[in-house]
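For reference, the structure discussed in these notes is given below.
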Amino acid sequence: MANPEQLAQFIRFRLHDLGSQNAHHEFEHLCRYVTKARFVSNVIPATGPVSAKGDQGRDFETFRTYLKDELPFSVGFLALATEDTVACACTLRSKDLRTKIKSDVESICSQGTPVDQVYFFTSEGLASGIRHEVQDEVRAEHGVELEIVDGAALSELLADPELYWIAEEYLHLPAELQPPPPEPDPSLPGWYVKLRGDWQARTEPPSAFGDLLELSRCLRYATFHDDASRDLAGWMQLTERILNSHPDLEMRQRVRYELAVAHLRGTGTLVPAEQHVLDFFAELNSVNSPTLLSDASRLLQYCSASSVSGTSNLTWPQVAAWIDQTRERTRICLEASPHHHARSILLEVTVTLALQIDNTLIAEHPLPPGEQIEIPVGEFDYGDLPPVHPQMPLLDLDGGMAALVELVDALPDARMLPIEALTERFSLLTPILVGHAQYSKVRDGLDAVLAAQGAHDKVAHQCLQRAMQLARTGQLLHALRELHEAKINWWHGDTLHESLHAMNIIADIYGHLHMPLAAKKYALAVAAIAMQSTDDHDRYYVPRALFQAASYDHQAGAWITSAETTAVALLAQLQYTADPINFGRFPYLKYAITQQQVTFIAAQQHRPALVDPLRQILDVAGFGQHLYESITESNETTSWDEQQWIESTDDMTAAPFADADRQWQTRFSALGLRWRVVSDNHRTSVLAAEEFTASMQVLLVELASLDPLFLPADLEIEVRTPSRSGAGTFDFDAQSSQEHPDRWIVDAPTGPVDVDRWPRQLLKVAVKILIAHSMLPAREFLGLLNQAFASGLAHKLEFGRPYRELADLNGADYRSPAAAVHVPPLGDPDDFPDRCAPHLKSPTTPGPGYSTETALAEVRARYENLPPVLRHSLPRLLADPSAFAVFSELRTDGWKDWHLLNALANLVINARITARHGTHTAEAIESYQRHLREEQHRPEAPDDPSIEPSDVTRVSLEFALGMSATATALGWGLQFNRNPIDSASVLTILGNRYGYWIDDLPHGDFFGWSTQHNPAEPRPRDDR
């Protein structure tokens, strides 16, 4: 049997042969039947012989049919019937077609009934350029549209199974060339096919409410499904006829709504249905039905979008007025205290209308560019929600969220209310809503309703929808929370594949947050779980996740470990994938090669002792061949010093080859704490150090949204493991150095993992370190930890196998080819840049307990209480030019007058105590504090000991202010859980979180700034 292309070629040959047979009539009949089947159905032959032009140039033409308006459904003949006047002409001429076409069109347009369009058929081919020129000329000269169907197009039409009978009849083709009929469309559901058949056969017009329900169902299906889109016009025509039966208000409104949606979503324009929209809202104030108000809210969403997109003539002010009208009508209906179900519908309408985008504000204040994050969606389709800018203005955010809270509380008593559309819209708007105080309550409530229905997979789906929306707009911490919930809700056999995918995205987000060991932990977990899965499809994740883990090693500066993980990933690639070295199919292979090329080139340039070990590691299954192909060329063009290698990427958290020296190390930063974790560079110690680091990174990310208020510090953590003889005999523990409280020693057990005990002990050690560096009282910090546990901290820290088992990819007997080589990392380890992710930087929002009123009250108290303490010292110091210069310099640098007074008072009071009681010691701290309390509020006497002008230096005042900063922090209810205290860090916290460098009040000119000079003999100053 010939294929369609071969059949079309054969038909074209027979068409060409008609000219030599002078078969004008056969060609005319052929063209008429093709026209009726594919272009215009209501055609009849013209009279008069073709060759004699007795047909006025028309071989066949349309006739007027009224059936399309009368019959219930336009299919077959009626689907192609036209109200335009169409004339058709055809020719077998092979020469000078241009002249022939224009001549026949001239005859058609100059005689008989005026026409709107002409179809011209020719058995020969016509170049596209000539066809377009002729069409333009005909349009310009006669004002009609011309369609030219040449031999090539006609041949393809006749090769269609439905039209082949025409070719068989008039071209005398053999029946055995008949193409097979198309398979029946299996995509149309049986109910739809049956209803369509019923309405095609029906003669009476629709009028009953039952008719509307059937038509609405079919109309919606044809609107939103391509396989039924050809029926859309027929369903709209039938539905519109209901309005002719003078239905009641509810039916009228339902019909208008259905037609408007069908036009906009089905045809892409609302223009033909705009009168229905106008009529709908003209009668809205008579509506009391919650269902119709729900239709109104959805219709307004469509109208809003079309007014902005240009798919209607509606304007935004017009739509905004309808929104106000509908909100008011809904409010009136709610005040009537409807039953639970009706109230829930009305609350949903309130939510929908309040959370409409405010296009007026967008026009007045264009949105700034939003952050966009690429996340690995992979093969999954999660609804493709459009990105939403987190600063998109809504009409009434607070009102909408308040109604959502009411609705969530009402849902248990309104179980018949479908909430899919509500949850979908909530997910869509999540980037805007997530910062609202009621967001968590609403989110948890909606998820709880789905969970109560047993739909945990739907809960997971919505979690992932929200996560994707948040991640796309750069809100990674919020996205992470949603992903962890998706992971848990999908955590069972039937949906394990989806859970693995959520974990894959979790790892990617940890990587974006510059927490590479946490990211590696999740990537390794994906690989291990996928390997143990009974579903072969899950094995797809094994090599992909291992390559992902290798990339996080690379990010952490562990370039030797990254190469070793890559080698294992390659073996998994060979085992679990078909066509394993297909770079187009597996793009992560190319990324892995690029990373390892970077490692190899850096080793060649700066650590040549590592070149041979790297070759041995990476020569797996021919991978080295791909790796070394472009290394020579790259090495010649990429010649960097060690610092340039460090600066080559801004997401690397530690120096390259941080795992190649005798001491293993890694770095990361979060929430003001800069971490350096070190251990001996042997297998058990490194696994323990990575395990500690991974857990600490997960914990810090979880605490980031809870504001643990860490005092900025550079921490060094040494992870130690015992000798093999003591393996597994003790738990995790941590101790800080007495001399250096930012240095900690963490003792980690080895041997068989106690999966019940170790995670708790590891968390206990992590919390011990974090509490010591938080400025919150211990009870408040533990309260934050309880919140974290309530949000799922346990399953975020540990799931499946322990980290050291996941990461020990090569086993206890493996000895790295690089084990005997000890070289330092690239660059200066003490000069590595802080690579803290923006999402994990110390907050600058007001700190816990801060209020402007309290702060200003403290400032006022200082201006009232400090000048008397300096009554005689301050004028004397101001008279000294050098002291005055120091005051001026600090004031220029941002010190307020109360800072100067505070620091100066500390110097003066300390000098007074020292002169009278001697230098205080650590043992006499209680007596010093007693003397301090006595002196700090006592007005200065003329004979009190004081300081000399030479004691007033920038260093002395900064030290004194730092000492007072500790007291200021305590005044805010904060606490210091470690000693000694770094006053500079305390000032950083106070400045960033407690308005320390901003808050001030009008006050007296204590320093004589208004004179713009240092008076030789200062006048008495206003103590206030």
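Each chain in the structure tokens gets a letter, A, B and so on, in the order shown; residues start at 1 in every chain, and ligands are counted from 1 in the order they appear.
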
**Report entry** Within 6 Å of Ala222 in chain A using only C-alpha atoms, minus same-chain residues under 5 positions, as a VMD selection string
**Finding:** chain A and resid 228 to 229 232

Requested in this report: With a distance cut-off of 10 Å and only C-alpha atoms, select the neighbouring residues of range 705-713 of chain A, excluding the residue or stretch itself and same-chain residues fewer than 4 positions from it, and output the selection as a PyMOL selection string.
Outcome: chain A and resi 477-478+670-675+700-701+741-742+770-776+780-785+787-788+839-840+842-843+845+847-848+974+976+981-989+993

Query raised in the report: Which residues, written as a ChimeraX atom specification, have at least one atom at most 10 Å from Ala688 in chain A, with only C-alpha atoms counted and residues fewer than 3 positions away on the same chain left out?
Result: /A:679,683-685,691-694,719-721,746-750,803-804

Query raised in the report: Of the candidates A:Arg933, A:Asn244, A:Gln275, A:Leu806, which shows the shortest atom-to-atom distance to Leu259 in chain A, using only C-alpha atoms?
Result: A:Gln275

Report task. Within 7 Å of range 113-125 of chain A, counting only C-alpha atoms, which residues show up once you throw out same-chain ones fewer than 6 positions away? Write them as a ChimeraX atom specification, please. Result -> /A:15-16,31,84-92,94,144-152

What's around range 949-956 of chain A at 7 Å? Count only C-alpha atoms, leave out sequence neighbours fewer than 3 positions away in its own chain, and write the answer as a compact mmCIF listing (two decimals) with N, CA, C and O atoms, in the first residue's frame.
```txt
# COMPACT_ATOMS: atom_id res chain seq x y z
N LEU A 877 37.12 68.61 79.32
CA LEU A 877 37.59 67.85 78.16
C LEU A 877 37.29 68.58 76.85
O LEU A 877 38.08 68.54 75.91
N ASP A 880 39.84 70.99 75.60
CA ASP A 880 41.09 70.47 75.03
C ASP A 880 40.89 70.20 73.55
O ASP A 880 40.01 69.39 73.17
N ALA A 883 40.97 66.37 72.45
CA ALA A 883 39.79 65.61 72.88
C ALA A 883 38.58 65.99 72.05
O ALA A 883 37.79 65.13 71.61
N VAL A 886 38.58 64.31 68.74
CA VAL A 886 38.13 62.91 68.78
C VAL A 886 36.61 62.85 68.80
O VAL A 886 35.99 62.05 68.07
N PHE A 959 36.22 51.28 73.11
CA PHE A 959 36.23 50.22 74.13
C PHE A 959 35.15 50.48 75.18
O PHE A 959 34.41 49.58 75.57
N ALA A 960 35.04 51.72 75.59
CA ALA A 960 34.07 52.06 76.64
C ALA A 960 32.64 51.89 76.14
O ALA A 960 31.76 51.41 76.88
```

**Report entry** Interatomic distance (Å, one decimal) between CA of Glu406 in chain A and CA of Ser440 in chain A
**Finding:**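 CA of Ser440 in chain A lies 13.9 Å from CA of Glu406 in chain A.
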
Query raised in the report: Just how far from CA of Tyr850 in chain A is CA of Asp1000 in chain A, in Å to one decimal?
Result: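 So the answer is 14.9 Å.
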
Query raised in the report: Residues at most 9 Å from His142 in chain A, counting only C-alpha atoms, excluding those fewer than 2 positions away in the same chain, as an NGL selection string?
Result: :A and (105-106 or 109 or 137-140 or 144-145)

Query raised in the report: Do you know which residues are at most 7 Å from range 297-314 of chain A counting only C-alpha atoms, after dropping those on the same chain fewer than 5 positions away, and could you put them as a PyMOL selection string?
Result: chain A and resi 257+268-271+319+323+349+352-353

Output for the residues just chosen: all heavy atoms as a tab-separated table (two decimals), in the first residue's frame:
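The resulting file, again.tsv, is shown below:
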```
chain	number	residue	atom	x	y	z
A	257	TYR	N	-22.66	33.20	31.83
A	257	TYR	CA	-21.35	32.81	32.36
A	257	TYR	C	-20.70	31.75	31.48
A	257	TYR	O	-19.53	31.87	31.10
A	257	TYR	CB	-21.51	32.29	33.79
A	257	TYR	CG	-20.27	31.61	34.31
A	257	TYR	CD1	-19.18	32.35	34.76
A	257	TYR	CD2	-20.17	30.21	34.35
A	257	TYR	CE1	-18.04	31.73	35.23
A	257	TYR	CE2	-19.04	29.59	34.81
A	257	TYR	CZ	-17.97	30.35	35.25
A	257	TYR	OH	-16.83	29.73	35.70
A	268	GLY	N	-10.14	32.25	22.45
A	268	GLY	CA	-9.08	33.22	22.70
A	268	GLY	C	-9.53	34.66	22.72
A	268	GLY	O	-8.70	35.57	22.84
A	269	THR	N	-10.81	34.92	22.62
A	269	THR	CA	-11.29	36.29	22.67
A	269	THR	C	-12.64	36.34	23.37
A	269	THR	O	-13.48	35.44	23.22
A	269	THR	CB	-11.44	36.90	21.26
A	269	THR	OG1	-11.99	38.22	21.36
A	269	THR	CG2	-12.32	36.05	20.37
A	270	LEU	N	-12.87	37.39	24.13
A	270	LEU	CA	-14.13	37.58	24.83
A	270	LEU	C	-15.06	38.51	24.07
A	270	LEU	O	-16.23	38.66	24.43
A	270	LEU	CB	-13.85	38.16	26.24
A	270	LEU	CG	-15.01	38.27	27.23
A	270	LEU	CD1	-15.63	36.91	27.49
A	270	LEU	CD2	-14.53	38.90	28.52
A	271	VAL	N	-14.58	39.10	22.99
A	271	VAL	CA	-15.34	40.14	22.28
A	271	VAL	C	-16.73	39.68	21.89
A	271	VAL	O	-17.73	40.38	22.14
A	271	VAL	CB	-14.54	40.64	21.06
A	271	VAL	CG1	-15.40	41.59	20.22
A	271	VAL	CG2	-13.27	41.34	21.51
A	319	VAL	N	-14.01	46.61	35.04
A	319	VAL	CA	-13.93	45.35	35.78
A	319	VAL	C	-13.83	45.62	37.28
A	319	VAL	O	-14.47	44.93	38.09
A	319	VAL	CB	-12.73	44.51	35.29
A	319	VAL	CG1	-12.58	43.25	36.14
A	319	VAL	CG2	-12.89	44.14	33.82
A	323	ILE	N	-16.10	44.23	40.37
A	323	ILE	CA	-15.56	43.53	41.54
A	323	ILE	C	-16.14	44.14	42.81
A	323	ILE	O	-16.58	43.42	43.72
A	323	ILE	CB	-14.02	43.60	41.55
A	323	ILE	CG1	-13.45	42.76	40.39
A	323	ILE	CG2	-13.47	43.11	42.88
A	323	ILE	CD1	-11.94	42.86	40.24
A	349	VAL	N	-15.97	33.11	47.64
A	349	VAL	CA	-16.14	34.25	46.72
A	349	VAL	C	-15.42	35.47	47.27
A	349	VAL	O	-14.71	36.19	46.54
A	349	VAL	CB	-17.63	34.55	46.50
A	349	VAL	CG1	-17.81	35.84	45.70
A	349	VAL	CG2	-18.31	33.39	45.79
A	352	THR	N	-11.70	35.03	46.71
A	352	THR	CA	-11.32	35.17	45.30
A	352	THR	C	-11.29	36.63	44.88
A	352	THR	O	-10.37	37.08	44.19
A	352	THR	CB	-12.30	34.39	44.42
A	352	THR	OG1	-12.29	33.01	44.81
A	352	THR	CG2	-11.93	34.50	42.95
A	353	LEU	N	-12.30	37.39	45.28
A	353	LEU	CA	-12.38	38.80	44.88
A	353	LEU	C	-11.34	39.65	45.59
A	353	LEU	O	-10.73	40.54	44.98
A	353	LEU	CB	-13.78	39.33	45.16
A	353	LEU	CG	-14.91	38.66	44.36
A	353	LEU	CD1	-16.26	39.16	44.84
A	353	LEU	CD2	-14.74	38.91	42.86
```

Report task. Taking the chain letters and numbering used in this document, name the residues of range 805-923 of chain A that DSSP puts in alpha helix (DSSP H), as a VMD selection string. Result -> chain A and resid 805 to 807 852 to 869 873 to 878 881 to 892 897 to 917

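Rounded to one decimal, CA of Leu407 in chain A and CA of Pro390 in chain A lie 23.6 Å from each other.
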
Query raised in the report: Could you pull out all residues of range 22-227 of chain A with a DSSP call of strand (DSSP E or B) and give them as an MDAnalysis selection string?
Result: chainID A and resid 43:45 60:62 86:91 117:122 145:149

What would the file look like if the residues just selected were written as a PDB file, in the first residue's frame with N, CA and C atoms?
```
ATOM      1  N   VAL A  43     -22.916  24.563  -1.772  1.00  0.00           N
ATOM      2  CA  VAL A  43     -22.596  24.977  -3.151  1.00  0.00           C
ATOM      3  C   VAL A  43     -23.448  24.180  -4.123  1.00  0.00           C
ATOM      4  N   ILE A  44     -23.746  24.828  -5.293  1.00  0.00           N
ATOM      5  CA  ILE A  44     -24.461  24.162  -6.391  1.00  0.00           C
ATOM      6  C   ILE A  44     -23.724  24.485  -7.673  1.00  0.00           C
ATOM      7  N   PRO A  45     -23.854  23.631  -8.681  1.00  0.00           N
ATOM      8  CA  PRO A  45     -23.175  23.917  -9.957  1.00  0.00           C
ATOM      9  C   PRO A  45     -23.761  25.174 -10.606  1.00  0.00           C
ATOM     10  N   PHE A  60     -19.078  26.723  -9.945  1.00  0.00           N
ATOM     11  CA  PHE A  60     -20.106  26.440  -8.953  1.00  0.00           C
ATOM     12  C   PHE A  60     -20.053  27.565  -7.926  1.00  0.00           C
ATOM     13  N   GLU A  61     -21.174  27.727  -7.176  1.00  0.00           N
ATOM     14  CA  GLU A  61     -21.280  28.846  -6.256  1.00  0.00           C
ATOM     15  C   GLU A  61     -22.173  28.463  -5.078  1.00  0.00           C
ATOM     16  N   THR A  62     -22.152  29.296  -4.048  1.00  0.00           N
ATOM     17  CA  THR A  62     -22.922  28.985  -2.855  1.00  0.00           C
ATOM     18  C   THR A  62     -24.377  29.373  -3.020  1.00  0.00           C
ATOM     19  N   VAL A  86     -19.939  32.828  -2.082  1.00  0.00           N
ATOM     20  CA  VAL A  86     -18.663  32.297  -2.547  1.00  0.00           C
ATOM     21  C   VAL A  86     -18.844  31.751  -3.957  1.00  0.00           C
ATOM     22  N   ALA A  87     -17.931  32.123  -4.858  1.00  0.00           N
ATOM     23  CA  ALA A  87     -17.907  31.587  -6.211  1.00  0.00           C
ATOM     24  C   ALA A  87     -16.644  30.781  -6.399  1.00  0.00           C
ATOM     25  N   CYS A  88     -16.754  29.722  -7.206  1.00  0.00           N
ATOM     26  CA  CYS A  88     -15.614  28.844  -7.434  1.00  0.00           C
ATOM     27  C   CYS A  88     -15.380  28.678  -8.929  1.00  0.00           C
ATOM     28  N   ALA A  89     -14.106  28.650  -9.305  1.00  0.00           N
ATOM     29  CA  ALA A  89     -13.722  28.443 -10.698  1.00  0.00           C
ATOM     30  C   ALA A  89     -12.597  27.441 -10.747  1.00  0.00           C
ATOM     31  N   CYS A  90     -12.478  26.738 -11.876  1.00  0.00           N
ATOM     32  CA  CYS A  90     -11.415  25.747 -11.990  1.00  0.00           C
ATOM     33  C   CYS A  90     -10.923  25.711 -13.434  1.00  0.00           C
ATOM     34  N   THR A  91      -9.685  25.283 -13.587  1.00  0.00           N
ATOM     35  CA  THR A  91      -9.090  25.234 -14.919  1.00  0.00           C
ATOM     36  C   THR A  91      -8.075  24.112 -14.991  1.00  0.00           C
ATOM     37  N   GLN A 117     -16.023  36.005  -1.704  1.00  0.00           N
ATOM     38  CA  GLN A 117     -14.798  35.222  -1.771  1.00  0.00           C
ATOM     39  C   GLN A 117     -14.831  34.348  -3.010  1.00  0.00           C
ATOM     40  N   VAL A 118     -13.631  34.096  -3.548  1.00  0.00           N
ATOM     41  CA  VAL A 118     -13.497  33.243  -4.729  1.00  0.00           C
ATOM     42  C   VAL A 118     -12.500  32.137  -4.411  1.00  0.00           C
ATOM     43  N   TYR A 119     -12.893  30.894  -4.749  1.00  0.00           N
ATOM     44  CA  TYR A 119     -11.965  29.759  -4.713  1.00  0.00           C
ATOM     45  C   TYR A 119     -11.603  29.406  -6.135  1.00  0.00           C
ATOM     46  N   PHE A 120     -10.304  29.285  -6.419  1.00  0.00           N
ATOM     47  CA  PHE A 120      -9.860  28.951  -7.765  1.00  0.00           C
ATOM     48  C   PHE A 120      -9.022  27.674  -7.688  1.00  0.00           C
ATOM     49  N   PHE A 121      -9.434  26.660  -8.493  1.00  0.00           N
ATOM     50  CA  PHE A 121      -8.748  25.370  -8.509  1.00  0.00           C
ATOM     51  C   PHE A 121      -8.005  25.213  -9.828  1.00  0.00           C
ATOM     52  N   THR A 122      -6.791  24.707  -9.748  1.00  0.00           N
ATOM     53  CA  THR A 122      -6.002  24.421 -10.944  1.00  0.00           C
ATOM     54  C   THR A 122      -5.311  23.089 -10.761  1.00  0.00           C
ATOM     55  N   GLU A 145     -11.751  38.277  -1.367  1.00  0.00           N
ATOM     56  CA  GLU A 145     -10.673  37.388  -0.978  1.00  0.00           C
ATOM     57  C   GLU A 145     -10.559  36.253  -1.979  1.00  0.00           C
ATOM     58  N   LEU A 146      -9.344  35.891  -2.335  1.00  0.00           N
ATOM     59  CA  LEU A 146      -9.097  34.836  -3.317  1.00  0.00           C
ATOM     60  C   LEU A 146      -8.279  33.729  -2.668  1.00  0.00           C
ATOM     61  N   GLU A 147      -8.775  32.487  -2.764  1.00  0.00           N
ATOM     62  CA  GLU A 147      -8.019  31.321  -2.338  1.00  0.00           C
ATOM     63  C   GLU A 147      -7.695  30.480  -3.557  1.00  0.00           C
ATOM     64  N   ILE A 148      -6.440  30.138  -3.746  1.00  0.00           N
ATOM     65  CA  ILE A 148      -6.004  29.353  -4.896  1.00  0.00           C
ATOM     66  C   ILE A 148      -5.576  27.978  -4.406  1.00  0.00           C
ATOM     67  N   VAL A 149      -6.229  26.954  -4.922  1.00  0.00           N
ATOM     68  CA  VAL A 149      -5.902  25.572  -4.578  1.00  0.00           C
ATOM     69  C   VAL A 149      -5.258  24.955  -5.810  1.00  0.00           C
TER      70      VAL A 149
END
```
